[in-house]
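Novice: What follows is a structure written as structure tokens; I'll ask about it next.
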Amino acid sequence: MILRCENLGWRVRRKEIVSNASLSMNEGEMLGLIGPNGSGKSTLLRMLAGVRYPSTGRVYLGGTPMAELRQRDIAQKLALVEQHADTEERITVREAVELGRTPFLSVLQPWSHEDEAIVLHAIAAVDLHGFENRNWHTLSGGERQRVQIARALAQQPQVLLLDEPTNHLDIKHQLAILQLVKELPITKVVALHDLNQAMICDRICVMHSGRIETLGAPCEILTEERLMKTFGVCGHFMTDPFDGSPVIRFHRAHKED
Amino acid sequence: MTVTDRRPNRSASRNLWKWAAIAPPLLFIALVAGTAMGETSIPMDVVLKVLSNKIFGAAYPVDRIDSGIIWSYRLARAVVAACCGAGLALSGVVLQALLRNSLADPYLLGISAGASTGAVAVAVMGLGGGLISMSMGAFAGAILAFAFVAMLASLAGGGTGLRAAGVIVLAGIAGSQLFNALTAFLIAKSANAEQARGIMFWLMGNLSGVRWADTVTVVPAALFGLLVCILNIRALDAFTFGSDSAASLGIAVKRVQFGLIGVAALMTAAMVSITGSIGFVGLVIPHAMRLVVGTRHRALIPASALAGAIFLIMADIIARIVIPGQVLPIGVVTALVGAPVFALILIGRRAAV
């Protein structure tokens with residue numbers, strides 16, 4: 001499923017949070033969204049997810065303008081993993097993941113064996129097998145993040161949007177989740193902070209002050225010049241002795257010029 | 001043992017059938033208890049005879065006064081109490097879920113304050129020139145206050161996020177304060193001591209004077225509210241992680257929020273216009289039921305409606321018999337039971353996590 005946006009803008013009290021963002025995702029690709037804090041990554045993701053209505057511009061899901069789709073139709077095709085999802089309610093892991101089936105169930109439609117299988121599969125995919133009956137409040141930050149990802153997987157989306165999914169995760173699960181996302185045969189958009197992790201993406205979109213600065217393959221986009229201009233840091237590119245992939249080492253920028 | 005062995009019932013429809021089997025007998029027992037117990041002790045067999053005379057057209061010989069007490073006075077009261085309890089508990093469930101605020105209750109939206117002002121305006125100021133009853137005044141006041149709070153909340157903005165939930169709570173506080181002040185002003189300005197006492201009684205929630213005619217308001221309100229809640233079981237669940245999360249799960253967030261909060265407000269306004277403001281039911285019953293049946297609305301909605309109904313019938317029995325020769329306002333009983341229970345819930349929540 002193809003996701004595309006044209007001239008997207010989001011304004012709050014005349015302050016432009018995102019402006020003029022045009023993007024077109026390729027079928028099945030993993031697109032990384034990077035940029036400094038406050039560059040508009042989360043807002044852009046939310047607009048792409050149909051959760052925020054853009055002030056200007058349009059989002060197209062599979063060729064149809066999102067504004068013409070019902071929220072439910074969107075949710076059957078597209079899932080969003082938020083960054084700080086939390087609840088006061090005492091729910092179990094399984095109940096949280098079950099929410100992912102909401103778009104597919106009408107009011108009194110019975111819970112089917114298929115729904116059950118999808119939920120259990122999603123829980124296993126994020127390595128939470130055995131946690132089904134654990135209470136949300138007893139989970140660590142990383143476990144909660146994985147529950148949210150499992151919930152999105154239970155939606156069986158064709159497009160998956162993730163807002164900093166590796167936040168709070170230990171290194172093992174960071175790698176596991178990124179690999180899991182990478183291998184899903186669907187279109188993925190992932191906001192990331194770790195630029196080395198962003199290297200796993202097929203393409204990277206760099207945002208700065210609400211605008212898309214550039215878009216392209218990671219090794220073409222992430223140059224020392226770009227790191228200085230957008231992030232204000234010095235970066236040195238090295239080669240990983242194991243697999244030959246590029247690795248960035250960062251230094252604070254010196255105030256000389 | 002596999003996980004599926006003790007899998008709870010995840011099907012909303014099957015759950016509702018289960019509740020449809022449990023609820024009527026329990027409710028019937030509570031209603032009979034509400035009719036049988038009271039200051040005048042009437043033997044159980046007389047109670048049942050009167051009920052079968054009235055309901056099934058049987059012809060048992062019974063005392064006319066007993067019959068009047070049981071049918072016109074106690075049963076009407078118990079039915080109104082049941083509807084009112086169910087309605088308030090459901091409003092509480094809805095508001096707590098949608099506003100994501102565990103302290104939300106039906107009166108948060110200024111409804112009870114507005115109802116008081118409306119009732120007092122009719123009773124003291126003679127608003128409407130005797131053409132409208134205190135109940136109609138209360139209903140009008142409740143709707144007016146809710147409209148004011150809703151307008152204030154929408155002017156203060158906030159979109160659909162957590163902030164919006166905070167805004168409506170603050171707007172509700174402002175609205176309640178304003179209408180409470182108006183009520184106090186009206187009482188201070190024009191009420192004599194006799195009127196003031198009557199109004200006090202009404203403000204604390206009161207089922208005296210309830211007759212069958214009042215069921216025309218409360219029965220449809222409770223049933224309509226229950227139906228709307230049942231149709232929105234999955235939508236209410238989807239708000240677990242907030243309104244953005246609900247939107248990403250395919251819920252038309254604005255429509256559900258406006259629709260359900262509106263229905264909760266109307267339902268509460270209908271109840272308050274008949275009984276005055278009965279506190280703590282809408283707050284405590286949903287919390288207590290979460291401890292018993294969990295937080296998923298397929299169980300929480302029917303459980304809260306049933307528990308609210310039974311709780312208020314019981315509270316009314318206590319209000320009638322605890323002090324001989326005197327009937328307490330039912331709001332006093334619910335608050336005396338509700339406040340300590342609520343405190344226990346607050347403390348227990350920390351321990352139970």
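The chains in the structure tokens are called A, B, ... from first to last as shown; in each chain the residues are counted from 1, and the ligands are counted from 1 in the order shown.
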Check which residues of chain A sit at most 10 Å from chain B using only C-alpha atoms, and return one row each with the closest pair of atoms and their distance in Å to one decimal, ordered by chain and rising number, as a tab-separated table.
Specialist:
```
residue	atom	partner	partner_atom	distance
A:Arg46	CA	B:Asp244	CA	8.7
A:Ala49	CA	B:Ser248	CA	7.0
A:Gly50	CA	B:Ser248	CA	7.4
A:Val51	CA	B:Ala247	CA	5.8
A:Arg52	CA	B:Asp244	CA	8.3
A:Arg70	CA	B:Gly250	CA	7.9
A:Gln71	CA	B:Gly250	CA	4.6
A:Arg72	CA	B:Gly250	CA	3.7
A:Asp73	CA	B:Gly250	CA	7.0
A:Ile74	CA	B:Gly250	CA	6.7
A:Ala75	CA	B:Gly250	CA	4.7
A:Gln76	CA	B:Gly250	CA	7.5
A:Lys77	CA	B:Gly250	CA	9.9
A:Leu78	CA	B:Ser248	CA	7.9
A:Ala79	CA	B:Ser248	CA	6.4
A:Leu80	CA	B:Ser248	CA	6.2
A:Val81	CA	B:Ser245	CA	8.4
A:Glu82	CA	B:Ser245	CA	7.6
A:His84	CA	B:Phe241	CA	9.4
A:Ala85	CA	B:Phe241	CA	5.8
A:Asp86	CA	B:Phe241	CA	5.6
A:Thr87	CA	B:Phe241	CA	5.3
A:Glu88	CA	B:Arg100	CA	7.9
A:Glu89	CA	B:Thr295	CA	6.6
A:Arg90	CA	B:Thr295	CA	6.5
A:Ile91	CA	B:Thr295	CA	6.6
A:Thr92	CA	B:Thr295	CA	9.7
A:Glu95	CA	B:Arg296	CA	8.2
A:Ala96	CA	B:Thr240	CA	8.3
A:Glu98	CA	B:Arg10	CA	9.3
A:Leu99	CA	B:Ala238	CA	6.3
A:Gly100	CA	B:Leu249	CA	6.7
A:Arg101	CA	B:Leu249	CA	8.1
A:Thr102	CA	B:Leu249	CA	6.2
A:Pro103	CA	B:Gly250	CA	5.3
A:Phe104	CA	B:Gly250	CA	9.0
A:Leu105	CA	B:Arg234	CA	8.4
A:Ser106	CA	B:Arg234	CA	8.3
A:Val107	CA	B:Leu231	CA	5.9
A:Leu108	CA	B:Ser13	CA	5.0
A:Gln109	CA	B:Ser13	CA	6.7
A:Pro110	CA	B:Ser11	CA	4.8
A:Trp111	CA	B:Ser11	CA	4.8
A:Ser112	CA	B:Ser11	CA	8.2
A:Glu116	CA	B:Thr4	CA	9.3
A:Leu120	CA	B:Val3	CA	9.9
A:Gly130	CA	B:Val3	CA	8.8
A:Glu132	CA	B:Val3	CA	8.2
A:Asn133	CA	B:Val3	CA	8.8
A:Asn135	CA	B:Val353	CA	8.0
A:Trp136	CA	B:Val353	CA	9.1
A:His137	CA	B:Val353	CA	6.3
A:Thr138	CA	B:Val353	CA	7.2
A:Gln148	CA	B:Phe241	CA	9.7
A:Arg151	CA	B:Leu249	CA	9.7
A:Ala152	CA	B:Leu249	CA	8.9
A:Gln155	CA	B:Leu249	CA	8.2
```
Novice: Name the residues in contact with Ile22 of chain B at a cut-off of 12 Å, using only C-alpha atoms, excluding same-chain residues fewer than 5 positions from it; report them as a short mmCIF file (atom, residue, chain, number, x, y, z; two decimals) with C-alpha atoms, in the first residue's frame.
Specialist:
```
data_model
loop_
_atom_site.label_atom_id
_atom_site.label_comp_id
_atom_site.auth_asym_id
_atom_site.auth_seq_id
_atom_site.Cartn_x
_atom_site.Cartn_y
_atom_site.Cartn_z
CA ASN B 15 -20.69 -11.44 27.57
CA LEU B 16 -23.89 -9.46 27.19
CA TRP B 17 -26.00 -12.63 27.02
CA LEU B 27 -32.62 -6.77 39.99
CA PHE B 28 -35.91 -8.48 40.79
CA ILE B 29 -34.65 -9.55 44.22
CA PRO B 302 -23.45 -4.18 32.40
CA ALA B 303 -21.82 -4.69 35.79
CA LEU B 306 -26.58 -3.49 37.62
CA ALA B 307 -24.49 -2.56 40.64
#
```
Novice: To one decimal in Å, tell me the separation between atom CA of Leu8 of chain A and atom CA of Ser22 of chain A.
Specialist: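 Value for the atom CA of Leu8 of chain A-atom CA of Ser22 of chain A distance: 6.4 Å.
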Novice: Considering only C-alpha atoms, state which residue in the set B:Gly172, B:Ala59, B:Pro286, B:Ala264 is at the smallest distance from Leu227 of chain B.
Specialist: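 Of B:Gly172, B:Ala59, B:Pro286, B:Ala264, the one nearest Leu227 of chain B is B:Ala264, counting only C-alpha atoms.
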Novice: Do a neighbour search on Ala104 of chain B at 12 Å with only C-alpha atoms, toss out local chain neighbours closer than 4 positions, and write the hits as a ChimeraX atom specification.
Specialist: /B:88-100,108-110,165-166,168-170,172-173,261,264,280-284,286-287
Novice: Take the selection from the previous step and output its residues with N, CA and C atoms, as an mmCIF file, in the first residue's frame.
Specialist:
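Generated file (selection_4.cif):
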```cif
data_model
loop_
_atom_site.group_PDB
_atom_site.id
_atom_site.type_symbol
_atom_site.label_atom_id
_atom_site.label_comp_id
_atom_site.auth_asym_id
_atom_site.auth_seq_id
_atom_site.Cartn_x
_atom_site.Cartn_y
_atom_site.Cartn_z
ATOM 1 N N LEU B 88 -26.607 6.907 36.641
ATOM 2 C CA LEU B 88 -25.459 7.649 37.169
ATOM 3 C C LEU B 88 -24.174 6.824 37.033
ATOM 4 N N ALA B 89 -24.279 5.511 37.314
ATOM 5 C CA ALA B 89 -23.083 4.661 37.213
ATOM 6 C C ALA B 89 -22.593 4.611 35.773
ATOM 7 N N LEU B 90 -23.518 4.488 34.822
ATOM 8 C CA LEU B 90 -23.121 4.443 33.408
ATOM 9 C C LEU B 90 -22.477 5.762 32.980
ATOM 10 N N SER B 91 -23.069 6.880 33.422
ATOM 11 C CA SER B 91 -22.470 8.177 33.095
ATOM 12 C C SER B 91 -21.045 8.243 33.626
ATOM 13 N N GLY B 92 -20.861 7.730 34.835
ATOM 14 C CA GLY B 92 -19.527 7.724 35.426
ATOM 15 C C GLY B 92 -18.550 6.906 34.590
ATOM 16 N N VAL B 93 -18.970 5.718 34.163
ATOM 17 C CA VAL B 93 -18.096 4.864 33.349
ATOM 18 C C VAL B 93 -17.688 5.601 32.078
ATOM 19 N N VAL B 94 -18.683 6.186 31.414
ATOM 20 C CA VAL B 94 -18.437 6.857 30.135
ATOM 21 C C VAL B 94 -17.465 8.031 30.324
ATOM 22 N N LEU B 95 -17.733 8.861 31.328
ATOM 23 C CA LEU B 95 -16.893 10.050 31.501
ATOM 24 C C LEU B 95 -15.486 9.669 31.922
ATOM 25 N N GLN B 96 -15.364 8.674 32.800
ATOM 26 C CA GLN B 96 -14.024 8.267 33.222
ATOM 27 C C GLN B 96 -13.225 7.712 32.044
ATOM 28 N N ALA B 97 -13.906 6.993 31.155
ATOM 29 C CA ALA B 97 -13.198 6.420 30.012
ATOM 30 C C ALA B 97 -12.816 7.502 29.007
ATOM 31 N N LEU B 98 -13.759 8.384 28.690
ATOM 32 C CA LEU B 98 -13.498 9.347 27.621
ATOM 33 C C LEU B 98 -12.593 10.479 28.079
ATOM 34 N N LEU B 99 -12.744 10.917 29.327
ATOM 35 C CA LEU B 99 -11.904 12.017 29.806
ATOM 36 C C LEU B 99 -10.598 11.480 30.361
ATOM 37 N N ARG B 100 -10.472 10.185 30.435
ATOM 38 C CA ARG B 100 -9.278 9.522 30.968
ATOM 39 C C ARG B 100 -8.916 10.100 32.318
ATOM 40 N N LEU B 108 -19.420 16.315 37.399
ATOM 41 C CA LEU B 108 -18.264 17.095 37.007
ATOM 42 C C LEU B 108 -18.616 18.138 35.957
ATOM 43 N N LEU B 109 -19.587 17.820 35.130
ATOM 44 C CA LEU B 109 -19.880 18.703 34.004
ATOM 45 C C LEU B 109 -20.832 19.835 34.393
ATOM 46 N N GLY B 110 -20.998 20.072 35.682
ATOM 47 C CA GLY B 110 -21.848 21.173 36.130
ATOM 48 C C GLY B 110 -23.324 20.830 36.135
ATOM 49 N N ALA B 165 -9.170 16.799 27.583
ATOM 50 C CA ALA B 165 -9.790 16.146 28.729
ATOM 51 C C ALA B 165 -9.588 17.001 29.977
ATOM 52 N N GLY B 166 -8.403 17.578 30.112
ATOM 53 C CA GLY B 166 -8.130 18.454 31.247
ATOM 54 C C GLY B 166 -8.978 19.704 31.184
ATOM 55 N N ILE B 168 -11.936 20.173 29.837
ATOM 56 C CA ILE B 168 -13.360 20.008 30.158
ATOM 57 C C ILE B 168 -13.562 19.825 31.667
ATOM 58 N N VAL B 169 -12.580 19.231 32.337
ATOM 59 C CA VAL B 169 -12.667 19.092 33.792
ATOM 60 C C VAL B 169 -12.628 20.477 34.444
ATOM 61 N N LEU B 170 -11.693 21.312 33.990
ATOM 62 C CA LEU B 170 -11.588 22.661 34.551
ATOM 63 C C LEU B 170 -12.835 23.479 34.241
ATOM 64 N N GLY B 172 -15.762 22.325 33.815
ATOM 65 C CA GLY B 172 -16.815 21.792 34.679
ATOM 66 C C GLY B 172 -16.739 22.375 36.080
ATOM 67 N N ILE B 173 -15.528 22.524 36.574
ATOM 68 C CA ILE B 173 -15.358 23.113 37.912
ATOM 69 C C ILE B 173 -15.849 24.562 37.907
ATOM 70 N N ILE B 261 -20.587 11.867 25.625
ATOM 71 C CA ILE B 261 -20.645 12.820 26.734
ATOM 72 C C ILE B 261 -22.021 13.483 26.743
ATOM 73 N N ALA B 264 -24.426 11.016 28.242
ATOM 74 C CA ALA B 264 -24.214 10.938 29.696
ATOM 75 C C ALA B 264 -24.819 12.166 30.373
ATOM 76 N N PHE B 280 -21.691 10.404 44.552
ATOM 77 C CA PHE B 280 -20.817 9.260 44.751
ATOM 78 C C PHE B 280 -21.175 8.001 43.974
ATOM 79 N N VAL B 281 -22.440 7.881 43.511
ATOM 80 C CA VAL B 281 -22.795 6.668 42.773
ATOM 81 C C VAL B 281 -21.973 6.583 41.488
ATOM 82 N N GLY B 282 -21.965 7.701 40.754
ATOM 83 C CA GLY B 282 -21.274 7.711 39.467
ATOM 84 C C GLY B 282 -19.777 7.592 39.597
ATOM 85 N N LEU B 283 -19.268 7.926 40.754
ATOM 86 C CA LEU B 283 -17.827 7.878 40.967
ATOM 87 C C LEU B 283 -17.387 6.515 41.496
ATOM 88 N N VAL B 284 -18.106 6.031 42.515
ATOM 89 C CA VAL B 284 -17.648 4.849 43.247
ATOM 90 C C VAL B 284 -18.016 3.537 42.547
ATOM 91 N N PRO B 286 -18.410 2.640 39.313
ATOM 92 C CA PRO B 286 -17.506 2.168 38.258
ATOM 93 C C PRO B 286 -16.156 1.690 38.791
ATOM 94 N N HIS B 287 -15.625 2.394 39.800
ATOM 95 C CA HIS B 287 -14.341 1.968 40.367
ATOM 96 C C HIS B 287 -14.444 0.606 41.044
#
```
Novice: Near Thr187 of chain A, counting only C-alpha atoms, which residues have an atom at most 12 Å away, once you skip same-chain residues fewer than 3 positions from it, shown as an mmCIF file with N, CA and C atoms, in the first residue's frame?
Specialist:
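Below is the file selection.cif, written as the result:
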```
data_model
loop_
_atom_site.group_PDB
_atom_site.id
_atom_site.type_symbol
_atom_site.label_atom_id
_atom_site.label_comp_id
_atom_site.auth_asym_id
_atom_site.auth_seq_id
_atom_site.Cartn_x
_atom_site.Cartn_y
_atom_site.Cartn_z
ATOM 1 N N MET A 1 0.847 -1.200 0.000
ATOM 2 C CA MET A 1 0.000 0.000 0.000
ATOM 3 C C MET A 1 0.880 1.247 0.000
ATOM 4 N N ILE A 2 0.509 2.171 -0.842
ATOM 5 C CA ILE A 2 1.346 3.356 -0.994
ATOM 6 C C ILE A 2 0.773 4.522 -0.199
ATOM 7 N N LEU A 3 1.659 5.193 0.494
ATOM 8 C CA LEU A 3 1.272 6.366 1.276
ATOM 9 C C LEU A 3 2.004 7.558 0.677
ATOM 10 N N ARG A 4 1.274 8.655 0.538
ATOM 11 C CA ARG A 4 1.866 9.794 -0.146
ATOM 12 C C ARG A 4 1.283 11.060 0.483
ATOM 13 N N SER A 24 6.609 10.645 -0.854
ATOM 14 C CA SER A 24 5.915 9.525 -1.461
ATOM 15 C C SER A 24 6.643 8.250 -1.067
ATOM 16 N N MET A 25 5.950 7.382 -0.337
ATOM 17 C CA MET A 25 6.580 6.152 0.121
ATOM 18 C C MET A 25 6.475 5.096 -0.969
ATOM 19 N N ASN A 26 7.525 4.351 -1.142
ATOM 20 C CA ASN A 26 7.474 3.233 -2.079
ATOM 21 C C ASN A 26 6.889 2.023 -1.387
ATOM 22 N N GLU A 27 6.242 1.200 -2.173
ATOM 23 C CA GLU A 27 5.642 -0.029 -1.649
ATOM 24 C C GLU A 27 6.709 -0.861 -0.928
ATOM 25 N N GLY A 28 6.446 -1.217 0.323
ATOM 26 C CA GLY A 28 7.310 -2.141 1.037
ATOM 27 C C GLY A 28 8.603 -1.560 1.580
ATOM 28 N N GLU A 29 8.849 -0.283 1.370
ATOM 29 C CA GLU A 29 10.122 0.262 1.841
ATOM 30 C C GLU A 29 10.056 0.646 3.317
ATOM 31 N N MET A 30 11.248 0.837 3.880
ATOM 32 C CA MET A 30 11.344 1.337 5.244
ATOM 33 C C MET A 30 11.955 2.732 5.143
ATOM 34 N N LEU A 31 11.131 3.727 5.502
ATOM 35 C CA LEU A 31 11.573 5.109 5.386
ATOM 36 C C LEU A 31 11.898 5.646 6.775
ATOM 37 N N GLY A 32 13.095 6.129 6.954
ATOM 38 C CA GLY A 32 13.482 6.691 8.244
ATOM 39 C C GLY A 32 13.199 8.178 8.271
ATOM 40 N N LEU A 61 -3.830 7.668 0.879
ATOM 41 C CA LEU A 61 -3.550 6.288 1.281
ATOM 42 C C LEU A 61 -4.025 5.376 0.163
ATOM 43 N N GLY A 62 -3.088 4.699 -0.480
ATOM 44 C CA GLY A 62 -3.433 3.853 -1.613
ATOM 45 C C GLY A 62 -4.132 4.634 -2.708
ATOM 46 N N LYS A 77 -5.940 -0.375 7.439
ATOM 47 C CA LYS A 77 -4.792 -0.464 6.539
ATOM 48 C C LYS A 77 -3.518 0.072 7.152
ATOM 49 N N LEU A 78 -3.687 0.934 8.164
ATOM 50 C CA LEU A 78 -2.533 1.675 8.653
ATOM 51 C C LEU A 78 -2.522 1.658 10.183
ATOM 52 N N ALA A 79 -1.361 1.417 10.763
ATOM 53 C CA ALA A 79 -1.272 1.409 12.222
ATOM 54 C C ALA A 79 -0.196 2.392 12.670
ATOM 55 N N GLN A 156 -2.666 -5.873 11.676
ATOM 56 C CA GLN A 156 -2.220 -6.402 10.381
ATOM 57 C C GLN A 156 -2.209 -5.317 9.311
ATOM 58 N N PRO A 157 -1.466 -4.250 9.574
ATOM 59 C CA PRO A 157 -1.534 -3.088 8.693
ATOM 60 C C PRO A 157 -0.750 -3.313 7.411
ATOM 61 N N GLN A 158 -1.074 -2.510 6.412
ATOM 62 C CA GLN A 158 -0.278 -2.509 5.187
ATOM 63 C C GLN A 158 0.722 -1.369 5.214
ATOM 64 N N VAL A 159 0.446 -0.406 6.102
ATOM 65 C CA VAL A 159 1.399 0.673 6.344
ATOM 66 C C VAL A 159 1.569 0.788 7.851
ATOM 67 N N LEU A 160 2.822 0.840 8.306
ATOM 68 C CA LEU A 160 3.072 0.934 9.745
ATOM 69 C C LEU A 160 3.906 2.176 10.024
ATOM 70 N N LEU A 161 3.411 3.024 10.924
ATOM 71 C CA LEU A 161 4.133 4.234 11.297
ATOM 72 C C LEU A 161 4.593 4.102 12.740
ATOM 73 N N LEU A 162 5.875 4.346 12.991
ATOM 74 C CA LEU A 162 6.378 4.195 14.355
ATOM 75 C C LEU A 162 7.120 5.457 14.776
ATOM 76 N N VAL A 181 10.778 -4.909 12.257
ATOM 77 C CA VAL A 181 10.095 -3.918 11.424
ATOM 78 C C VAL A 181 10.622 -3.982 10.001
ATOM 79 N N LYS A 182 11.946 -4.042 9.900
ATOM 80 C CA LYS A 182 12.587 -4.076 8.584
ATOM 81 C C LYS A 182 12.071 -5.234 7.733
ATOM 82 N N GLU A 183 11.852 -6.379 8.377
ATOM 83 C CA GLU A 183 11.475 -7.581 7.628
ATOM 84 C C GLU A 183 9.987 -7.662 7.294
ATOM 85 N N LEU A 184 9.168 -6.789 7.903
ATOM 86 C CA LEU A 184 7.741 -6.821 7.572
ATOM 87 C C LEU A 184 7.579 -6.443 6.107
ATOM 88 N N VAL A 190 9.507 5.223 10.017
ATOM 89 C CA VAL A 190 10.003 5.140 11.387
ATOM 90 C C VAL A 190 10.733 6.432 11.748
ATOM 91 N N CYS A 201 17.477 1.781 7.291
ATOM 92 C CA CYS A 201 16.341 2.156 6.440
ATOM 93 C C CYS A 201 16.731 2.125 4.962
ATOM 94 N N ASP A 202 15.694 1.952 4.122
ATOM 95 C CA ASP A 202 15.941 1.994 2.682
ATOM 96 C C ASP A 202 16.195 3.426 2.238
ATOM 97 N N ARG A 203 15.385 4.330 2.765
ATOM 98 C CA ARG A 203 15.598 5.743 2.477
ATOM 99 C C ARG A 203 15.455 6.534 3.769
#
```
Novice: With DSSP run on the backbone, what are the alpha helix (DSSP H) residues within segment 53-139 of chain B? I'd like them as JSON, numbers by chain.
Specialist: {"B": [53, 54, 55, 56, 64, 65, 66, 67, 68, 76, 77, 78, 79, 80, 81, 82, 83, 84, 85, 86, 87, 88, 89, 90, 91, 92, 93, 94, 95, 96, 97, 98, 99, 111, 112, 113, 114, 115, 116, 117, 118, 119, 120, 121, 122, 123, 134, 135, 136, 137, 138, 139]}
Novice: Mind dumping the selected residues with C-alpha atoms as an mmCIF file, in the first residue's frame?
Specialist:
```cif
data_model
loop_
_atom_site.group_PDB
_atom_site.id
_atom_site.type_symbol
_atom_site.label_atom_id
_atom_site.label_comp_id
_atom_site.auth_asym_id
_atom_site.auth_seq_id
_atom_site.Cartn_x
_atom_site.Cartn_y
_atom_site.Cartn_z
ATOM 1 C CA ASN B 53 -52.348 -8.617 42.067
ATOM 2 C CA LYS B 54 -50.877 -5.622 40.269
ATOM 3 C CA ILE B 55 -48.614 -7.344 37.805
ATOM 4 C CA PHE B 56 -50.427 -10.565 36.963
ATOM 5 C CA ARG B 64 -55.915 -1.276 50.656
ATOM 6 C CA ILE B 65 -53.442 0.784 52.662
ATOM 7 C CA ASP B 66 -50.793 -1.946 52.467
ATOM 8 C CA SER B 67 -51.423 -2.207 48.772
ATOM 9 C CA GLY B 68 -51.010 1.537 48.345
ATOM 10 C CA ALA B 76 -42.279 3.280 42.386
ATOM 11 C CA ARG B 77 -39.459 4.517 44.561
ATOM 12 C CA ALA B 78 -37.415 1.373 44.077
ATOM 13 C CA VAL B 79 -37.849 1.506 40.302
ATOM 14 C CA VAL B 80 -36.786 5.158 40.174
ATOM 15 C CA ALA B 81 -33.838 4.395 42.481
ATOM 16 C CA ALA B 82 -32.756 1.513 40.234
ATOM 17 C CA CYS B 83 -32.907 3.594 37.048
ATOM 18 C CA CYS B 84 -31.195 6.509 38.682
ATOM 19 C CA GLY B 85 -28.406 4.330 40.080
ATOM 20 C CA ALA B 86 -27.861 2.601 36.749
ATOM 21 C CA GLY B 87 -27.899 5.894 34.867
ATOM 22 C CA LEU B 88 -25.459 7.649 37.169
ATOM 23 C CA ALA B 89 -23.083 4.661 37.213
ATOM 24 C CA LEU B 90 -23.121 4.443 33.408
ATOM 25 C CA SER B 91 -22.470 8.177 33.095
ATOM 26 C CA GLY B 92 -19.527 7.724 35.426
ATOM 27 C CA VAL B 93 -18.096 4.864 33.349
ATOM 28 C CA VAL B 94 -18.437 6.857 30.135
ATOM 29 C CA LEU B 95 -16.893 10.050 31.501
ATOM 30 C CA GLN B 96 -14.024 8.267 33.222
ATOM 31 C CA ALA B 97 -13.198 6.420 30.012
ATOM 32 C CA LEU B 98 -13.498 9.347 27.621
ATOM 33 C CA LEU B 99 -11.904 12.017 29.806
ATOM 34 C CA ILE B 111 -25.022 19.164 35.670
ATOM 35 C CA SER B 112 -26.058 18.898 39.281
ATOM 36 C CA ALA B 113 -25.189 22.529 40.007
ATOM 37 C CA GLY B 114 -27.299 23.631 37.056
ATOM 38 C CA ALA B 115 -30.170 21.382 38.119
ATOM 39 C CA SER B 116 -30.137 22.905 41.593
ATOM 40 C CA THR B 117 -30.219 26.403 40.197
ATOM 41 C CA GLY B 118 -33.118 25.496 37.917
ATOM 42 C CA ALA B 119 -35.084 23.853 40.705
ATOM 43 C CA VAL B 120 -34.462 26.703 43.105
ATOM 44 C CA ALA B 121 -35.408 29.270 40.493
ATOM 45 C CA VAL B 122 -38.758 27.542 40.091
ATOM 46 C CA ALA B 123 -39.371 26.871 43.783
ATOM 47 C CA MET B 134 -39.416 21.832 39.927
ATOM 48 C CA SER B 135 -38.277 18.823 37.907
ATOM 49 C CA MET B 136 -38.679 20.629 34.624
ATOM 50 C CA GLY B 137 -36.804 23.596 36.018
ATOM 51 C CA ALA B 138 -34.041 21.281 37.202
ATOM 52 C CA PHE B 139 -33.801 19.600 33.815
#
```
Novice: At a cut-off of 10 Å, using only C-alpha atoms, what residues contact Phe237 of chain A? Leave out same-chain residues fewer than 2 positions from it and give the result as an MDAnalysis selection string.
Specialist: chainID A and resid 219 222:224 235 239:240 245:250
Novice: Please produce a file of the residues just selected, as a CSV table (one decimal), in the first residue's frame, where the atoms kept are N, CA and C atoms.
Specialist:
```csv
chain,number,residue,atom,x,y,z
A,219,CYS,N,23.4,6.4,2.9
A,219,CYS,CA,24.8,6.7,2.8
A,219,CYS,C,25.0,7.9,1.9
A,222,LEU,N,23.4,11.0,4.6
A,222,LEU,CA,24.2,11.3,5.9
A,222,LEU,C,25.6,11.6,5.5
A,223,THR,N,25.9,12.9,5.3
A,223,THR,CA,27.3,13.3,5.0
A,223,THR,C,27.8,14.2,6.2
A,224,GLU,N,29.1,14.4,6.3
A,224,GLU,CA,29.6,15.2,7.4
A,224,GLU,C,29.0,16.6,7.3
A,235,GLY,N,30.6,14.6,12.5
A,235,GLY,CA,30.5,13.2,12.4
A,235,GLY,C,31.6,12.7,11.5
A,239,THR,N,34.3,2.5,8.8
A,239,THR,CA,33.7,1.3,8.2
A,239,THR,C,33.8,0.2,9.3
A,240,ASP,N,32.6,-0.4,9.4
A,240,ASP,CA,32.5,-1.5,10.4
A,240,ASP,C,33.4,-2.7,9.9
A,245,SER,N,29.8,-2.0,6.7
A,245,SER,CA,28.8,-1.0,6.6
A,245,SER,C,29.3,0.3,7.3
A,246,PRO,N,28.8,1.5,6.8
A,246,PRO,CA,29.3,2.7,7.4
A,246,PRO,C,28.8,2.9,8.9
A,247,VAL,N,29.7,3.4,9.7
A,247,VAL,CA,29.3,3.7,11.1
A,247,VAL,C,29.7,5.2,11.3
A,248,ILE,N,28.8,5.9,12.0
A,248,ILE,CA,29.2,7.3,12.3
A,248,ILE,C,29.6,7.5,13.7
A,249,ARG,N,30.7,8.2,13.9
A,249,ARG,CA,31.2,8.5,15.3
A,249,ARG,C,31.0,10.0,15.4
A,250,PHE,N,30.4,10.5,16.5
A,250,PHE,CA,30.0,11.9,16.7
A,250,PHE,C,30.9,12.6,17.6
```
